[in-house]
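Next comes work.cif, with mmCIF, C-alpha atoms and all ligand atoms.
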data_query
loop_
_atom_site.label_atom_id
_atom_site.label_comp_id
_atom_site.auth_asym_id
_atom_site.auth_seq_id
_atom_site.Cartn_x
_atom_site.Cartn_y
_atom_site.Cartn_z
CA MET D 1 115.81 103.37 77.47
CA ARG D 2 117.73 102.63 80.64
CA ILE D 3 117.93 103.78 84.22
CA ARG D 4 121.30 105.32 85.02
CA LYS D 5 120.72 106.01 88.66
CA LEU D 6 118.02 105.50 91.27
CA VAL D 7 118.06 107.45 94.54
CA LEU D 8 115.70 106.87 97.48
CA ASN D 9 115.36 108.92 100.64
CA GLY D 10 112.91 107.90 103.33
CA PHE D 11 111.12 105.60 100.90
CA ARG D 12 109.58 102.50 102.62
CA SER D 13 112.37 100.67 104.49
CA TYR D 14 115.18 102.86 103.08
CA ASP D 15 116.80 105.84 104.77
CA HIS D 16 119.06 106.59 101.88
CA VAL D 17 120.13 104.40 98.99
CA GLU D 18 121.59 104.94 95.53
CA ILE D 19 122.03 102.37 92.80
CA SER D 20 123.38 102.53 89.27
CA PRO D 21 122.10 99.49 87.41
CA SER D 22 123.83 98.16 84.30
CA ALA D 23 122.26 98.32 80.85
CA GLY D 24 121.45 94.59 80.80
CA LEU D 25 120.25 92.19 83.47
CA ASN D 26 120.48 93.31 87.11
CA LEU D 27 119.78 90.79 89.84
CA LEU D 28 118.69 92.23 93.20
CA TYR D 29 118.92 89.46 95.74
CA GLY D 30 118.28 89.23 99.44
CA GLU D 31 116.18 87.56 102.11
CA ASN D 32 112.46 87.98 102.52
CA ALA D 33 111.55 91.50 103.69
CA ALA D 34 115.03 92.81 102.75
CA GLY D 35 113.50 95.55 100.58
CA LYS D 36 113.78 94.18 97.03
CA THR D 37 110.19 94.85 95.97
CA ASN D 38 110.45 98.33 97.51
CA LEU D 39 113.14 99.16 94.92
CA LEU D 40 111.01 98.03 91.99
CA GLU D 41 108.04 99.88 93.43
CA ALA D 42 110.09 103.10 93.44
CA VAL D 43 110.92 102.64 89.75
CA PHE D 44 107.27 101.89 88.95
CA LEU D 45 106.28 105.06 90.83
CA CYS D 46 108.51 107.12 88.56
CA ALA D 47 106.97 105.53 85.47
CA LEU D 48 103.28 105.78 86.33
CA GLY D 49 103.08 108.16 89.25
CA ARG D 50 101.61 105.52 91.53
CA SER D 51 102.57 102.31 93.27
CA HIS D 52 101.87 98.91 91.71
CA ARG D 53 100.73 97.55 95.06
CA THR D 54 98.88 100.28 96.92
CA SER D 55 96.59 103.13 96.02
CA ARG D 56 97.52 104.92 99.25
CA ASP D 57 100.65 106.96 98.54
CA PRO D 58 101.52 107.71 102.20
CA GLU D 59 102.17 103.99 102.78
CA MET D 60 105.34 104.44 100.75
CA ILE D 61 106.76 106.99 103.18
CA GLY D 62 109.19 105.46 105.68
CA HIS D 63 107.75 104.96 109.16
CA ASN D 64 108.34 108.04 111.36
CA ARG D 65 109.24 110.13 108.33
CA ALA D 66 107.51 113.30 107.14
CA GLY D 67 108.25 112.61 103.50
CA ALA D 68 109.91 110.43 100.91
CA TYR D 69 111.96 111.18 97.81
CA VAL D 70 112.62 109.08 94.73
CA GLY D 71 114.91 110.36 92.00
CA LEU D 72 115.57 108.54 88.77
CA GLU D 73 118.05 109.45 86.06
CA LEU D 74 117.16 107.99 82.73
CA GLU D 75 118.95 107.64 79.42
CA THR D 76 116.62 107.66 76.43
CA LYS D 77 117.10 108.00 72.70
CA SER D 78 116.10 111.64 73.05
CA GLY D 79 118.64 112.35 75.79
CA THR D 80 118.96 112.23 79.57
CA ARG D 81 115.78 112.70 81.63
CA LEU D 82 115.30 113.19 85.34
CA VAL D 83 112.13 112.12 87.15
CA GLU D 84 111.67 113.05 90.80
CA ILE D 85 108.78 112.29 93.11
CA LYS D 86 108.31 113.78 96.55
CA LEU D 87 105.72 112.36 98.90
CA ARG D 88 104.60 113.99 102.14
CA THR D 89 102.37 112.82 104.94
CA GLY D 90 99.07 114.64 105.45
CA ASP D 91 100.12 116.17 108.77
CA ASP D 92 103.22 117.76 107.32
CA ALA D 93 103.38 121.59 107.42
CA SER D 94 101.92 122.16 103.98
CA LYS D 95 98.19 121.49 104.00
CA ASN D 96 97.64 121.77 100.27
CA PRO D 97 96.57 118.25 99.17
CA LYS D 98 98.33 118.86 95.86
CA ASP D 99 101.63 118.97 97.73
CA LYS D 100 101.25 115.45 99.14
CA LYS D 101 102.69 114.13 95.91
CA GLN D 102 104.93 116.35 93.84
CA ILE D 103 106.22 115.20 90.49
CA PHE D 104 109.16 116.84 88.76
CA ILE D 105 110.23 116.06 85.22
CA ASP D 106 113.62 117.49 84.30
CA ARG D 107 113.31 119.68 87.42
CA GLN D 108 110.00 121.20 86.25
CA ARG D 109 106.98 120.58 88.46
CA ALA D 110 104.34 118.51 86.61
CA GLU D 111 100.75 119.54 87.22
CA LYS D 112 99.31 116.09 86.59
CA ALA D 113 100.60 112.52 86.87
CA GLY D 114 99.55 112.14 83.22
CA GLU D 115 102.57 114.20 82.18
CA LEU D 116 104.76 111.31 83.29
CA MET D 117 103.33 108.97 80.67
CA GLY D 118 105.89 108.08 78.08
CA VAL D 119 108.90 109.51 79.96
CA LEU D 120 109.82 106.16 81.48
CA ASN D 121 108.15 103.08 80.03
CA VAL D 122 108.19 99.98 82.20
CA VAL D 123 106.78 96.50 81.97
CA MET D 124 106.37 94.94 85.38
CA PHE D 125 105.68 91.38 86.35
CA SER D 126 104.93 90.72 90.00
CA PRO D 127 103.47 87.76 91.89
CA GLU D 128 100.03 89.41 91.68
CA ASP D 129 100.14 88.96 87.91
CA LEU D 130 99.47 85.25 88.34
CA ALA D 131 95.88 86.42 88.67
CA LEU D 132 95.96 87.12 84.95
CA VAL D 133 95.49 83.42 84.34
CA LYS D 134 93.71 82.26 87.47
CA ALA D 135 91.29 85.01 88.45
CA SER D 136 87.95 86.08 86.98
CA PRO D 137 87.52 87.39 83.42
CA GLU D 138 87.42 90.93 84.81
CA VAL D 139 91.18 90.77 85.45
CA ARG D 140 91.87 89.73 81.87
CA ARG D 141 89.55 92.42 80.48
CA ARG D 142 91.45 94.97 82.56
CA PHE D 143 94.71 93.65 81.10
CA MET D 144 93.42 94.18 77.54
CA ASP D 145 92.05 97.62 78.36
CA MET D 146 95.18 98.84 80.15
CA GLU D 147 97.44 97.66 77.35
CA LEU D 148 95.22 99.16 74.69
CA CYS D 149 95.15 102.50 76.54
CA GLN D 150 98.95 102.55 76.77
CA LEU D 151 99.43 101.64 73.14
CA HIS D 152 96.55 103.57 71.60
CA PRO D 153 95.34 106.43 73.81
CA ALA D 154 92.22 106.83 71.59
CA TYR D 155 90.95 103.51 72.92
CA TYR D 156 90.29 105.10 76.31
CA ARG D 157 87.53 107.25 74.81
CA LYS D 158 85.96 104.31 72.99
CA ALA D 159 85.77 102.22 76.15
CA ALA D 160 84.45 105.17 78.17
CA MET D 161 81.64 105.75 75.65
CA TYR D 162 80.63 102.11 75.76
CA ASN D 163 80.62 102.10 79.57
CA ALA D 164 78.52 105.26 79.68
CA ALA D 165 75.91 103.71 77.36
CA LEU D 166 75.96 100.52 79.41
CA ARG D 167 75.25 102.42 82.63
CA GLN D 168 72.28 104.14 80.96
CA ARG D 169 70.78 100.89 79.67
CA ASN D 170 71.29 99.20 83.04
CA ALA D 171 69.62 102.09 84.86
CA LEU D 172 66.66 101.86 82.49
CA ILE D 173 66.05 98.13 82.88
CA LYS D 174 66.69 98.14 86.61
CA GLU D 175 63.75 100.45 87.13
CA ALA D 176 61.51 98.66 84.62
CA PHE D 177 59.14 97.43 87.33
CA MET D 178 58.51 101.00 88.50
CA ASN D 179 58.73 102.85 85.17
CA PRO D 180 57.62 100.73 82.23
CA ILE D 181 60.24 100.92 79.52
CA ASP D 182 59.62 102.99 76.45
CA PRO D 183 60.68 100.57 73.66
CA GLU D 184 62.03 103.43 71.59
CA VAL D 185 64.33 104.58 74.36
CA LEU D 186 65.59 101.06 74.96
CA ASP D 187 66.16 100.66 71.26
CA MET D 188 68.18 103.86 71.22
CA TRP D 189 70.48 102.55 73.94
CA ASN D 190 70.77 99.17 72.22
CA ALA D 191 71.92 100.93 69.07
CA GLN D 192 74.34 103.09 71.03
CA LEU D 193 75.79 100.06 72.83
CA ALA D 194 76.10 98.19 69.54
CA ARG D 195 77.94 101.04 67.87
CA THR D 196 80.40 101.78 70.68
CA GLY D 197 80.73 98.11 71.70
CA ALA D 198 81.70 97.15 68.15
CA GLU D 199 84.63 99.57 68.29
CA VAL D 200 85.78 98.09 71.61
CA MET D 201 85.48 94.57 70.24
CA ARG D 202 87.40 95.33 67.05
CA SER D 203 90.24 96.94 69.02
CA ARG D 204 90.44 94.00 71.41
CA LEU D 205 90.41 91.49 68.57
CA GLU D 206 93.22 93.30 66.79
CA PHE D 207 95.23 93.59 70.02
CA MET D 208 94.83 89.91 70.87
CA ASP D 209 95.80 88.91 67.33
CA GLU D 210 98.99 90.96 67.68
CA ILE D 211 99.88 89.81 71.14
CA SER D 212 98.99 86.17 70.70
CA THR D 213 101.78 85.33 68.26
CA ILE D 214 104.38 87.12 70.39
CA ALA D 215 103.14 85.42 73.57
CA SER D 216 103.24 82.01 71.99
CA ASP D 217 106.81 82.57 70.71
CA MET D 218 107.79 83.68 74.20
CA HIS D 219 106.19 80.63 75.78
CA ARG D 220 107.90 78.30 73.33
CA ARG D 221 111.23 79.87 74.23
CA LEU D 222 110.63 79.60 77.98
CA THR D 223 109.66 75.94 77.78
CA GLY D 224 112.34 74.88 75.31
CA GLY D 225 109.62 74.16 72.73
CA ARG D 226 107.80 71.69 74.99
CA GLU D 227 104.56 73.64 75.36
CA GLN D 228 102.40 75.40 72.84
CA LEU D 229 100.56 78.45 74.23
CA PHE D 230 97.49 79.70 72.47
CA THR D 231 95.84 82.91 73.64
CA PHE D 232 92.82 84.34 71.91
CA TYR D 233 90.04 86.87 72.25
CA GLU D 234 86.81 85.39 73.60
CA PRO D 235 84.12 87.92 72.81
CA ASN D 236 80.89 87.52 74.76
CA VAL D 237 79.05 88.15 71.49
CA PRO D 238 80.67 86.11 68.73
CA PHE D 239 80.76 88.08 65.50
CA GLU D 240 82.60 85.95 63.01
CA GLY D 241 81.35 86.56 59.52
CA LYS D 242 79.03 89.31 60.75
CA GLU D 243 79.30 93.03 61.38
CA ALA D 244 80.20 93.34 65.08
CA GLU D 245 77.67 96.15 65.50
CA TYR D 246 74.87 94.05 64.10
CA ALA D 247 75.87 91.03 66.21
CA ILE D 248 75.68 93.05 69.44
CA TYR D 249 72.40 94.67 68.45
CA GLU D 250 70.91 91.25 67.75
CA ALA D 251 72.19 89.83 71.05
CA LEU D 252 70.72 92.76 73.00
CA GLU D 253 67.38 92.35 71.28
CA ALA D 254 67.37 88.62 72.01
CA SER D 255 68.22 89.06 75.68
CA ARG D 256 65.80 91.96 76.30
CA GLU D 257 63.24 89.98 78.36
CA GLU D 258 65.89 88.15 80.38
CA ASP D 259 67.82 91.38 81.03
CA ILE D 260 64.68 93.07 82.34
CA ARG D 261 63.99 90.09 84.58
CA ARG D 262 67.57 90.02 85.93
CA GLY D 263 67.99 93.78 86.08
CA PHE D 264 71.23 94.10 84.09
CA THR D 265 72.67 93.82 80.60
CA SER D 266 73.83 90.25 80.19
CA ARG D 267 75.43 90.41 76.75
CA GLY D 268 78.21 92.57 75.35
CA PRO D 269 81.94 93.29 75.52
CA HIS D 270 81.71 94.09 79.24
CA ARG D 271 81.65 90.30 79.63
CA ASP D 272 84.52 89.45 77.27
CA ASP D 273 87.41 87.22 78.25
CA ILE D 274 90.77 86.00 77.00
CA GLY D 275 91.09 82.30 76.30
CA ILE D 276 94.40 80.74 77.39
CA LYS D 277 95.21 77.23 76.26
CA LEU D 278 98.25 75.03 76.55
CA ASP D 279 98.34 72.24 74.05
CA GLU D 280 94.59 72.69 73.60
CA LYS D 281 93.76 72.43 77.32
CA ASP D 282 92.41 75.38 79.31
CA VAL D 283 95.31 76.57 81.53
CA LYS D 284 92.90 78.22 83.98
CA VAL D 285 91.45 74.80 84.76
CA PHE D 286 94.18 72.27 84.04
CA GLY D 287 97.48 74.18 84.26
CA SER D 288 99.97 73.54 87.05
CA GLN D 289 101.11 76.51 89.13
CA GLY D 290 104.34 76.74 87.12
CA GLN D 291 102.50 76.48 83.82
CA GLN D 292 100.09 79.21 84.87
CA ARG D 293 103.00 81.41 85.89
CA THR D 294 104.84 80.78 82.60
CA ALA D 295 101.68 81.56 80.61
CA ALA D 296 101.08 84.80 82.55
CA LEU D 297 104.74 85.71 82.10
CA SER D 298 104.61 85.07 78.34
CA LEU D 299 101.50 87.21 78.00
CA LYS D 300 103.01 90.04 80.03
CA LEU D 301 106.37 89.88 78.27
CA SER D 302 104.72 90.22 74.90
CA GLU D 303 103.91 93.79 75.99
CA LEU D 304 107.59 94.49 75.79
CA ALA D 305 107.78 93.80 72.07
CA LEU D 306 104.58 95.73 71.39
CA ILE D 307 105.70 98.82 73.32
CA ARG D 308 109.08 98.67 71.60
CA GLU D 309 107.33 98.61 68.23
CA VAL D 310 104.95 101.47 68.98
CA VAL D 311 107.31 103.71 70.99
CA GLY D 312 110.46 102.84 69.06
CA GLU D 313 112.46 102.18 72.22
CA SER D 314 112.73 99.28 74.67
CA PRO D 315 110.98 99.77 78.01
CA VAL D 316 112.65 98.83 81.29
CA LEU D 317 111.62 95.38 82.47
CA LEU D 318 110.86 94.84 86.17
CA LEU D 319 110.55 91.22 87.23
CA ASP D 320 109.60 90.72 90.86
CA ASP D 321 110.08 87.25 92.24
CA VAL D 322 109.41 85.46 88.94
CA LEU D 323 111.97 82.72 89.43
CA SER D 324 110.17 80.94 92.25
CA GLU D 325 107.89 78.27 90.81
CA LEU D 326 109.86 78.08 87.58
CA ASP D 327 112.08 75.03 87.20
CA ASP D 328 115.78 75.35 86.34
CA SER D 329 115.33 75.15 82.59
CA ARG D 330 112.56 77.77 82.54
CA GLN D 331 114.63 80.06 84.77
CA LYS D 332 117.59 79.68 82.46
CA ALA D 333 115.48 80.29 79.34
CA LEU D 334 114.01 83.44 80.91
CA MET D 335 117.47 84.79 81.72
CA GLU D 336 118.79 83.93 78.30
CA SER D 337 115.87 85.33 76.36
CA ALA D 338 117.27 88.15 74.36
CA PHE D 339 115.12 90.85 75.90
CA ASP D 340 117.43 93.41 74.51
CA CYS D 341 116.51 95.78 77.30
CA GLN D 342 117.44 96.77 80.82
CA CYS D 343 115.97 94.39 83.36
CA LEU D 344 115.75 94.55 87.15
CA LEU D 345 115.02 91.15 88.60
CA THR D 346 114.53 90.26 92.26
CA ALA D 347 115.18 86.87 93.85
CA THR D 348 115.88 85.49 97.28
CA GLY D 349 119.20 83.93 96.23
CA VAL D 350 121.87 84.35 93.60
CA GLU D 351 120.20 81.93 91.24
CA SER D 352 122.55 79.90 89.10
CA ALA D 353 120.53 80.88 86.05
CA ALA D 354 121.35 84.54 86.57
CA ARG D 355 125.08 83.81 86.70
CA ASN D 356 124.85 82.41 83.20
CA ARG D 357 124.00 85.73 81.72
CA ALA D 358 126.65 88.06 83.03
CA ALA D 359 124.15 89.67 85.33
CA CYS D 360 125.10 92.63 87.45
CA LEU D 361 124.51 91.56 91.06
CA PHE D 362 123.20 93.68 93.92
CA GLU D 363 122.85 92.39 97.43
CA VAL D 364 119.93 93.85 99.37
CA LYS D 365 120.53 93.64 103.12
CA ASP D 366 119.96 95.69 106.27
CA GLY D 367 118.53 98.65 104.39
CA ARG D 368 121.51 98.81 102.05
CA VAL D 369 122.02 97.80 98.43
CA THR D 370 125.56 96.78 97.58
CA GLN D 371 126.88 96.01 94.13
CA VAL D 372 128.73 92.68 94.19
CA GLU D 373 131.75 92.43 91.90
N1 LIG S 401 106.41 102.63 104.91
C1 LIG S 401 107.35 101.80 105.37
N2 LIG S 401 108.31 102.23 106.21
C2 LIG S 401 109.27 101.41 106.67
N3 LIG S 401 109.37 100.12 106.32
C3 LIG S 401 108.45 99.64 105.47
C4 LIG S 401 107.40 100.45 104.96
N4 LIG S 401 106.65 99.69 104.14
C5 LIG S 401 107.20 98.47 104.16
N5 LIG S 401 108.27 98.42 104.96
C6 LIG S 401 109.14 97.28 105.23
O1 LIG S 401 109.76 96.87 104.03
C7 LIG S 401 110.00 95.47 104.12
C8 LIG S 401 109.43 94.76 102.93
O2 LIG S 401 110.16 95.13 101.83
P1 LIG S 401 109.93 94.37 100.46
O3 LIG S 401 108.51 94.11 100.22
O4 LIG S 401 110.68 95.16 99.47
O5 LIG S 401 110.67 92.99 100.77
P2 LIG S 401 111.23 91.94 99.74
O6 LIG S 401 112.72 91.98 99.81
O7 LIG S 401 110.61 92.14 98.43
O8 LIG S 401 110.74 90.59 100.42
P3 LIG S 401 110.13 89.25 99.78
O9 LIG S 401 111.29 88.42 99.37
O10 LIG S 401 109.42 88.65 100.93
O11 LIG S 401 109.23 89.64 98.67
C9 LIG S 401 109.26 94.94 105.33
O12 LIG S 401 110.22 94.69 106.33
C10 LIG S 401 108.36 96.08 105.70
O13 LIG S 401 108.15 96.15 107.08
MG MG S 402 109.19 91.10 97.40
#

Before anything else, please render the file you have as C-alpha cells.
Amino acid sequence: MRIRKLVLNGFRSYDHVEISPSAGLNLLYGENAAGKTNLLEAVFLCALGRSHRTSRDPEMIGHNRAGAYVGLELETKSGTRLVEIKLRTGDDASKNPKDKKQIFIDRQRAEKAGELMGVLNVVMFSPEDLALVKASPEVRRRFMDMELCQLHPAYYRKAAMYNAALRQRNALIKEAFMNPIDPEVLDMWNAQLARTGAEVMRSRLEFMDEISTIASDMHRRLTGGREQLFTFYEPNVPFEGKEAEYAIYEALEASREEDIRRGFTSRGPHRDDIGIKLDEKDVKVFGSQGQQRTAALSLKLSELALIREVVGESPVLLLDDVLSELDDSRQKALMESAFDCQCLLTATGVESAARNRAACLFEVKDGRVTQVE
C-alpha cells in the first residue's frame, strides 16, 4: 500500500500543508525542530489512531488552535481509502468527550479506534526504538507482544488470560502472612498459570523463530556481511525437551516458598526476554551505539516482511532519524535494501546515501514542505 496524499491543518507546528509522496523512498530533510517528526507522527496517527510519542492527543493540536485535522489518501490493493482524524481541545464548544477525537474511514465516522486497524499498516522506527536493545527486558517483551497482537489477534486473549491468572496468584501470596494460603487454591492458580503461560511461551517461541532469520538477513545486508546477528527467545522457564505447561508448573512449585517470602511470582513468561547477540557477544552489554542501533533496526525491519506475508501487502515504512549514528556504508546499505515498499525517511541533511537511490526529496522549512526537483 502507499500514501497518495497527506494533508495537515493545525497539526503541531503546521498551519496547512499537503504532500504527495512517491511510491518509493521519500527523504524529508530539514533542520532540528523543522517539523519532520511531526509529519511521520501524523501518518502514524492515521494508522493506529494515536501518536507514537504521546498518549495525550491534545498535544498534537497546534498552539492557539481549537482543533487539528489530518487527512490521508491511501492506495491499497483493494482500492483507494481515505482516513481522516479530527482532534479538538477540551474547551472547544462540543463537550462530548467522544468528539475530542473523531475518526473517519472513507468519510464514515468510526465508533472505535480499533476500526482503523488494518486500513493503513505502518512500521515505524524512531530514536526511542534504540531502547529495544538497551532497556530492560520489559521493553523487549512488549515488542514481542505488540507484534504478536498485530499478526495474530488471538494472541491478545492468551496473554490477557495469563496476566489475569498472574494477578490472582500474586494477590494470594502477597496476603499469605494475614490469610494462610490454602494449598489447593494455590495449586489451582499454578495449574492455570501453567496452562495459559504455555500458550504464551509457544507463541513467542514461534514468533522469535520466524523473525530471527529475517532479522539476521537484514543485519547482514546492513553491515555488508561483516556482522552476524543472532536473536532468540529467552524464556524465563526453559522448556526444551519438556512440555511447556509441565515446565512452568514445576518451576512454580519449586519457587513456592521463595515467592511467598518475596510476595510475588518470580518465575514464568512475565519475566521472559529476547537475547540479542552479535558474533556471539551480548549486544546489550558489548555493542557500540551504532551496533545497537543497527540491531534494533534489523529487528524492527523484520516486521515489514512478516506483515507483508500475513497481510499480503507491503506496509508503509516510517524511518525517523535513523541515519545518525550509522556510518556511510550502513546508511547506503539501508537505502539500497530492496524494501519494496513506500518509505518516508527523515534526516537533517540531504544525505549522500539517499541520492543514490533516486529518492524523492522534500525540504521541511518554516512550516512548509516543498518537493525538490
Ligand atoms: N502542539 C504544537 N503546536 C505548535 N508547535 C508544536 C506543537 N508541538 C510541537 N511543536 C513544534 O514542532 C517543532 C518540532 O517538530 P519536530 O519534532 O517534527 O522536529 P524535527 O524536524 O523532527 O526536529 P529534529 O531534527 O530535532 O528531530 C518544535 O519547534 C515544536 O515547538
Ligand atoms: Mg525529529

Select the residues contacting ligand MG 402 (chain S) at a distance of at most 12 Å, based on all atoms listed in the file, then format the selection as a PDB file with C-alpha atoms, keeping the file's coordinate frame.
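Output saved as out-v3.pdb:
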ATOM      1  CA  LEU D  28     118.690  92.230  93.200  1.00  0.00           C
ATOM      2  CA  TYR D  29     118.920  89.460  95.740  1.00  0.00           C
ATOM      3  CA  GLY D  30     118.280  89.230  99.440  1.00  0.00           C
ATOM      4  CA  GLU D  31     116.180  87.560 102.110  1.00  0.00           C
ATOM      5  CA  ASN D  32     112.460  87.980 102.520  1.00  0.00           C
ATOM      6  CA  ALA D  33     111.550  91.500 103.690  1.00  0.00           C
ATOM      7  CA  ALA D  34     115.030  92.810 102.750  1.00  0.00           C
ATOM      8  CA  GLY D  35     113.500  95.550 100.580  1.00  0.00           C
ATOM      9  CA  LYS D  36     113.780  94.180  97.030  1.00  0.00           C
ATOM     10  CA  THR D  37     110.190  94.850  95.970  1.00  0.00           C
ATOM     11  CA  ASN D  38     110.450  98.330  97.510  1.00  0.00           C
ATOM     12  CA  LEU D  39     113.140  99.160  94.920  1.00  0.00           C
ATOM     13  CA  LEU D  40     111.010  98.030  91.990  1.00  0.00           C
ATOM     14  CA  GLU D  41     108.040  99.880  93.430  1.00  0.00           C
ATOM     15  CA  ARG D  53     100.730  97.550  95.060  1.00  0.00           C
ATOM     16  CA  PHE D 125     105.680  91.380  86.350  1.00  0.00           C
ATOM     17  CA  SER D 126     104.930  90.720  90.000  1.00  0.00           C
ATOM     18  CA  PRO D 127     103.470  87.760  91.890  1.00  0.00           C
ATOM     19  CA  GLU D 128     100.030  89.410  91.680  1.00  0.00           C
ATOM     20  CA  LEU D 318     110.860  94.840  86.170  1.00  0.00           C
ATOM     21  CA  LEU D 319     110.550  91.220  87.230  1.00  0.00           C
ATOM     22  CA  ASP D 320     109.600  90.720  90.860  1.00  0.00           C
ATOM     23  CA  ASP D 321     110.080  87.250  92.240  1.00  0.00           C
ATOM     24  CA  VAL D 322     109.410  85.460  88.940  1.00  0.00           C
ATOM     25  CA  LEU D 323     111.970  82.720  89.430  1.00  0.00           C
ATOM     26  CA  SER D 324     110.170  80.940  92.250  1.00  0.00           C
ATOM     27  CA  LEU D 345     115.020  91.150  88.600  1.00  0.00           C
ATOM     28  CA  THR D 346     114.530  90.260  92.260  1.00  0.00           C
ATOM     29  CA  ALA D 347     115.180  86.870  93.850  1.00  0.00           C
ATOM     30  CA  THR D 348     115.880  85.490  97.280  1.00  0.00           C
ATOM     31  CA  VAL D 364     119.930  93.850  99.370  1.00  0.00           C
TER      32      VAL D 364
END

- Query: What is the distance between CA of Ile173 (chain D) and CA of Ile260 (chain D), in Å to one decimal?
  - Reply: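 Answer for the CA of Ile173 (chain D) to CA of Ile260 (chain D) separation: 5.3 Å.
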
- Item | Counting all atoms listed in the file, the residue of D:Gly197, D:Pro97, D:Gly62, D:Gly367 that sits nearest ligand LIG 401 (chain S) | D:Gly62

Hey, what's within 9 Å of His63 (chain D) if we count only C-alpha atoms and toss same-chain stuff fewer than 4 positions away? As a short mmCIF file (atom, residue, chain, number, x, y, z; two decimals) with C-alpha atoms, in the coordinates of the input, please?
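The result, stored in part_0.cif:
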data_model
loop_
_atom_site.label_atom_id
_atom_site.label_comp_id
_atom_site.auth_asym_id
_atom_site.auth_seq_id
_atom_site.Cartn_x
_atom_site.Cartn_y
_atom_site.Cartn_z
CA GLY D 10 112.91 107.90 103.33
CA PHE D 11 111.12 105.60 100.90
CA ARG D 12 109.58 102.50 102.62
CA SER D 13 112.37 100.67 104.49
CA GLU D 59 102.17 103.99 102.78
#

- Message: One decimal, in Å: what's the spacing between CA of Ile274 (chain D) and CA of Ala191 (chain D)?
- Response: 25.3 Å

- ligand LIG 401 (chain S) proximity check over D:Pro58, D:Gly24, D:Gly275, D:Gly312, using all atoms listed in the file: winner is D:Pro58
